[in-house]
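K.L.:
Following this message is one structure expressed as structure tokens.
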Amino acid sequence: MDRTQPILTMSGVGKRFPGVIALRDVDFRLFPGEVHALLGENGAGKSTLIKVLTGVYEIDEGSIELAGEPVLFRGPAQAQQAGVSTVYQEVNLCPNLSVAENISIGREPRRFGLIDFRRMRAHATKLLQSLGIDIDSGSPLAAHSIAVQQMVAIARAVDISAKVLILDEPTSSLDAGEVEQLFRLVRRLRDQGLAIVFVTHFLDQVYAIADRITVLRNGTLVGEYRTADLPQRDLVEKMIGQDLRTLKSLEEQRKPVLRELEAGEPLIAADQLGRSGAIAPFSLTIHKGEVVGLAGLLGSGRSELARLLFGADRADTGRLQIDGNPVTLRGPRTAMAQDVAYLSENRRADGLIDDLSVRENIILALQADRGWTRPVPRRRQDELVERYVKALHIRPADPEIPVRNLSGGNQQKVLLARWLITEPRLLILDEPTRGIDVGAKAEIQKLVVELADGGMAVLFISAELEEVLRLSHKIAVLRDRVVVAQLANTDDVDADRIMTVIASGAG
Amino acid sequence: MTAILRHRLFWPVLALVLLLLSNLVFTPGFFTVELRQGHLYGSLIDILRLSSPLILVALGMTLVIATGGIDLSVGSVMAVSGALACLHISGQPDQGALSTVLTACALGVGLAILLGAWNGFLVAVVGLQPIIATLILMVAGRGLAQLITKGQIITVNSPAYRFIGAGYWLTFPFAVIIAAVVVALTVVLTRRTALGLLVEAVGGNPRASRLAGVGSRRLTWGVYAFTGLCAGIAGLMATANVSSADGNAVGNLIELNAILAVVIGGTSLAGGRFSIAGTVIGALLIQTLDTTIYTTGIPAETTQLFKALVVIVICLVQSPAFRSKVARLRRRPRPRLAAPVNAEAST
């Protein structure tokens, strides 16, 4: 196979969704015998490019050539027939069937019209051996680890005469050893002349395996590089553009001293508040203008604590005071009446109404608070929405498109806008920066600082310790559904110290 | 042109227009509307008049479906409402008195609202699945109607009551006017207040709506009660039209037509966005189909089958997924090749 001619050339590719330009004039070249990393932040257009290539989406502009021939696939099945196979993060195989059956599903060898199991197994065993995958082809797929299942998926793809193999975030649920196992297979296939597209968020893995890199940003092509020529720092800059600077300036900002903040009456004070099975009784105060960070591992009770303060779940022990007055939160509506706002952790399930427009999603909490009989006048809606779309840089700026057409980061900003227009006194942010790109992340962090400066109390929850440390005046550390320590965020507190607390369970 | 094509009511309206036009073949004077003795007459007017109960029931069903629910009991509620109204009138010395008829209507509709609220209670407070919750009343309601009529068909002799279903006012059938007013009020109620938005939010994502402070319990409850109200009025119309209440026949299987009308109108059964205009068109479409089948003289034993076929065709034509499949099939002979691209310009 000629390794100097691209096996796949995509040129001038454009793709629009209602209200969004997902790809604009993107070129992509793939050579036989290379691993090519396709990189970019969320919403950069990586998935769209792959879906356009494999025929999941129709192409709006541009052309695709496979081995010099113009092609246009009408679906993944057709793309696979032509030699372009995709292996997704979630394995798309049948766990209850055997490895051999999974490999030849849909094209089983037959004898007198019946499936020839013996031939099928022999074929699978030979294939797996040739790829260095040492498992019994008669064993059920579910008996193997995700990594092995993924390798079986790759084996299946290769078996259907793959020229181009696309690996869409194959490593996101694998541990380090499994990643190495997978990479051995990928290298072997590369050496056999296969062209491999590798999509990932892990930059270390890019440098471990990729020969070349294509970077996308905001649906446009930033450039195509050889991995060896591109230091990791430069790569990050290319992926996120100029936004690194925003983060830098944030760190230089001086925080008000905790003592000053805690001098007055607390805005909200929980006294041995708890809910059995969710979070052990805890005491916590949050003052006006104060950012309290919650640190702890996934499942340590961070969200459960937040939900009690918002009335999303009801506390079964303890007391809660707001402005010094005892309150019982019977539900989100009572909390909202006290000007508490809660940006939930799970955007899709607990935040967005996919069907509705950006405007309707932003206006929802304010409208719900006013009740249905007092609609927010349309002109006022437009004013508010316009102001926050501008202030939070929500893209695209058209508020009438369905919110589902926005990228993750922009959806998060829509939800943030939803709560900001209710002008809360306490804003609870549960993982506000998860799964969004660095640019949006920086903007949201900057916003938190500004809001606190303006006198808003903020409860900030994040799995990223750096972020919690950067923003919080005070940090509550959780472990196994217990608040184990509360630390003033002074200069001597760093990620190490907090991790020690999480690990040891003592402040 | 593409803007018209993309409008979500384009395909339902097109289907309705085609169906109406097809009638010209069988009934030359189909589109003639005459003014006789101050009343409008004609096939089109008949369709409007006969579809009024269905429009009302489908209207309530639209909101219930938008919240992510469904109401199977509307037919039974119609029967109960009509039966109670007729029972009251039949027991009065002067059956034609206006006050008698008004009281009868209030009783029928009032009970219908109560039954709707019962559905709402089961769904919103007890937390039953809507299809199960309303199935209870779908079955029990027929029994209740039988109980009210004591298993007989109650006939009334009240011109004032008959007027609701068969009368004319300002040259229009009175039933059409009632339906139009209720539809108009509902549009104002949902779109001029925030009710529509909140209903769509609850139907689109109930968990997120709760966390955004939407009082979904009261909202859901209210919507089921409103559906009861609509079914109640429809029950009065249906019984008034024939001056009698038959607990078994009134509103029989109308819930399925209503659901069909809502779906044809473009409201998703999964809840969320709803279109009242779409529902009205859907209901008109179904009634037009019934009328068409009747006037074309298709043998009685095949009418159901014929109707089913037409409905399948309408649903297919409406489905964007199906249309794009057909479009792709048509395109197959000439695969679209690359548009010329200037490779230099893109770097």
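Chain labels follow the order of the structure tokens: the first chain is A, the next B, and so on; residue numbering restarts at 1 in every chain, and ligands are counted from 1 in their shown order.
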Neighbours of stretch 242-245 of chain B within 7 Å (only C-alpha atoms; same-chain residues fewer than 6 positions away dropped), as a ChimeraX atom specification?
P.N.:
/B:82-83,86,153-157,162
K.L.:
Return the neighbours of chain A among the residues of chain B, cut-off 6 Å, counting only C-alpha atoms, as an mmCIF file with N, CA and C atoms, in the first residue's frame.
P.N.:
```cif
data_model
loop_
_atom_site.group_PDB
_atom_site.id
_atom_site.type_symbol
_atom_site.label_atom_id
_atom_site.label_comp_id
_atom_site.auth_asym_id
_atom_site.auth_seq_id
_atom_site.Cartn_x
_atom_site.Cartn_y
_atom_site.Cartn_z
ATOM 1 N N THR B 193 -50.845 33.694 28.877
ATOM 2 C CA THR B 193 -50.248 33.559 30.204
ATOM 3 C C THR B 193 -49.041 32.639 30.039
ATOM 4 N N ALA B 194 -48.439 32.293 31.135
ATOM 5 C CA ALA B 194 -47.265 31.425 31.048
ATOM 6 C C ALA B 194 -47.653 29.953 31.130
ATOM 7 N N LEU B 195 -48.978 29.668 31.137
ATOM 8 C CA LEU B 195 -49.418 28.292 31.324
ATOM 9 C C LEU B 195 -48.836 27.348 30.263
ATOM 10 N N GLY B 204 -41.732 18.289 28.884
ATOM 11 C CA GLY B 204 -40.418 18.107 28.275
ATOM 12 C C GLY B 204 -39.418 17.476 29.218
ATOM 13 N N ASN B 205 -39.429 17.874 30.465
ATOM 14 C CA ASN B 205 -38.492 17.323 31.444
ATOM 15 C C ASN B 205 -39.015 17.586 32.849
ATOM 16 N N ARG B 207 -38.316 16.409 35.827
ATOM 17 C CA ARG B 207 -37.354 16.599 36.923
ATOM 18 C C ARG B 207 -36.737 17.977 36.883
ATOM 19 N N ALA B 208 -36.335 18.379 35.689
ATOM 20 C CA ALA B 208 -35.732 19.704 35.552
ATOM 21 C C ALA B 208 -36.745 20.787 35.889
ATOM 22 N N LEU B 211 -37.015 21.238 39.607
ATOM 23 C CA LEU B 211 -35.853 21.946 40.146
ATOM 24 C C LEU B 211 -35.837 23.410 39.708
ATOM 25 N N ALA B 212 -36.558 23.735 38.656
ATOM 26 C CA ALA B 212 -36.636 25.139 38.255
ATOM 27 C C ALA B 212 -37.785 25.835 38.968
ATOM 28 N N GLY B 213 -38.462 25.113 39.852
ATOM 29 C CA GLY B 213 -39.515 25.721 40.653
ATOM 30 C C GLY B 213 -40.897 25.671 40.043
ATOM 31 N N VAL B 214 -41.082 24.876 38.998
ATOM 32 C CA VAL B 214 -42.411 24.762 38.406
ATOM 33 C C VAL B 214 -43.271 23.877 39.305
ATOM 34 N N ALA B 338 -18.876 15.117 -5.214
ATOM 35 C CA ALA B 338 -18.289 16.262 -4.548
ATOM 36 C C ALA B 338 -18.570 17.545 -5.290
ATOM 37 N N ALA B 339 -18.924 18.577 -4.526
ATOM 38 C CA ALA B 339 -18.955 19.901 -5.108
ATOM 39 C C ALA B 339 -17.511 20.332 -5.266
#
```
K.L.:
Would you please extract all strand (DSSP E or B) residues from stretch 96-285 of chain B, as assigned by DSSP on the backbone, and give them as a PyMOL selection string?
P.N.:
chain B and resi 153-155+168-169+172-173+244-246
K.L.:
Limited to C-alpha atoms, could you put the picked residues into a file as a short mmCIF file (atom, residue, chain, number, x, y, z; two decimals), in the first residue's frame?
P.N.:
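What landed in result-v4.cif:
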```
data_model
loop_
_atom_site.label_atom_id
_atom_site.label_comp_id
_atom_site.auth_asym_id
_atom_site.auth_seq_id
_atom_site.Cartn_x
_atom_site.Cartn_y
_atom_site.Cartn_z
CA ILE B 153 -81.69 5.36 27.09
CA ILE B 154 -83.02 8.59 28.53
CA THR B 155 -84.84 10.66 25.97
CA TYR B 168 -78.16 27.57 14.87
CA TRP B 169 -77.12 30.95 16.15
CA PHE B 172 -73.77 29.14 12.45
CA PRO B 173 -74.36 25.80 14.17
CA SER B 244 -81.12 11.33 24.31
CA ALA B 245 -78.42 9.86 26.50
CA ASP B 246 -77.17 6.34 25.91
#
```
K.L.:
Restricting the calculation to only C-alpha atoms, which member of B:Val181, B:Ile293, B:Leu256, B:Leu316 is positioned closest to B:Met61?
P.N.:
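The closest residue to B:Met61 is B:Leu256.
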K.L.:
According to DSSP computed on the backbone, where in stretch 30-160 of chain B is there alpha helix (DSSP H)? Give the residues as a ChimeraX atom specification.
P.N.:
/B:43-66,74-90,98-120,130-149,159-160
K.L.:
Give me, as a ChimeraX atom specification, all polymer residues having an atom no more than 8 Å from stretch 381-396 of chain A, counting only C-alpha atoms and skipping those fewer than 6 positions away in the same chain.
P.N.:
/A:19-20,359,362-363,406,410,413-414,417,421,443
K.L.:
If you measure from atom CA of A:Gly439 to atom CA of A:Met239, what distance in Å do you get, rounded to one decimal?
P.N.:
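Atom CA of A:Gly439 sits 9.8 Å away from atom CA of A:Met239.
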K.L.:
Considering only C-alpha atoms, return as JSON, numbers by chain whatever protein or nucleic-acid residues lie within 10 Å of A:Asp229, sequence-local ones (same chain, fewer than 4 positions apart) excluded.
P.N.:
{"A": [212, 225, 234]}
K.L.:
So that I can check the surroundings of stretch 190-203 of chain A, please list as a PDB file with C-alpha atoms, in the first residue's frame every protein, DNA and RNA residue that reaches within 6 Å of it, counting only C-alpha atoms and ignoring chain neighbours fewer than 6 positions away.
P.N.:
```
ATOM      1  CA  PHE A  31      -2.593   8.407   5.542  1.00  0.00           C
ATOM      2  CA  PRO A  32      -2.309   4.626   5.635  1.00  0.00           C
ATOM      3  CA  GLY A  33      -0.209   3.370   8.498  1.00  0.00           C
ATOM      4  CA  GLU A  34      -0.682   6.314  10.822  1.00  0.00           C
ATOM      5  CA  VAL A  35      -2.507   7.055  14.051  1.00  0.00           C
ATOM      6  CA  HIS A  36      -4.067  10.444  13.671  1.00  0.00           C
ATOM      7  CA  ALA A  37      -5.405  12.248  16.734  1.00  0.00           C
ATOM      8  CA  LEU A  38      -8.477  14.413  16.140  1.00  0.00           C
ATOM      9  CA  LYS A 163      -9.071   0.624   5.594  1.00  0.00           C
ATOM     10  CA  VAL A 164      -9.911   3.368   8.023  1.00  0.00           C
ATOM     11  CA  LEU A 165     -10.583   2.717  11.690  1.00  0.00           C
ATOM     12  CA  ILE A 166     -12.104   5.449  13.815  1.00  0.00           C
ATOM     13  CA  LEU A 167     -11.722   5.148  17.584  1.00  0.00           C
ATOM     14  CA  ASP A 168     -14.076   7.593  19.272  1.00  0.00           C
ATOM     15  CA  GLU A 169     -12.874   8.117  22.839  1.00  0.00           C
TER      16      GLU A 169
END
```
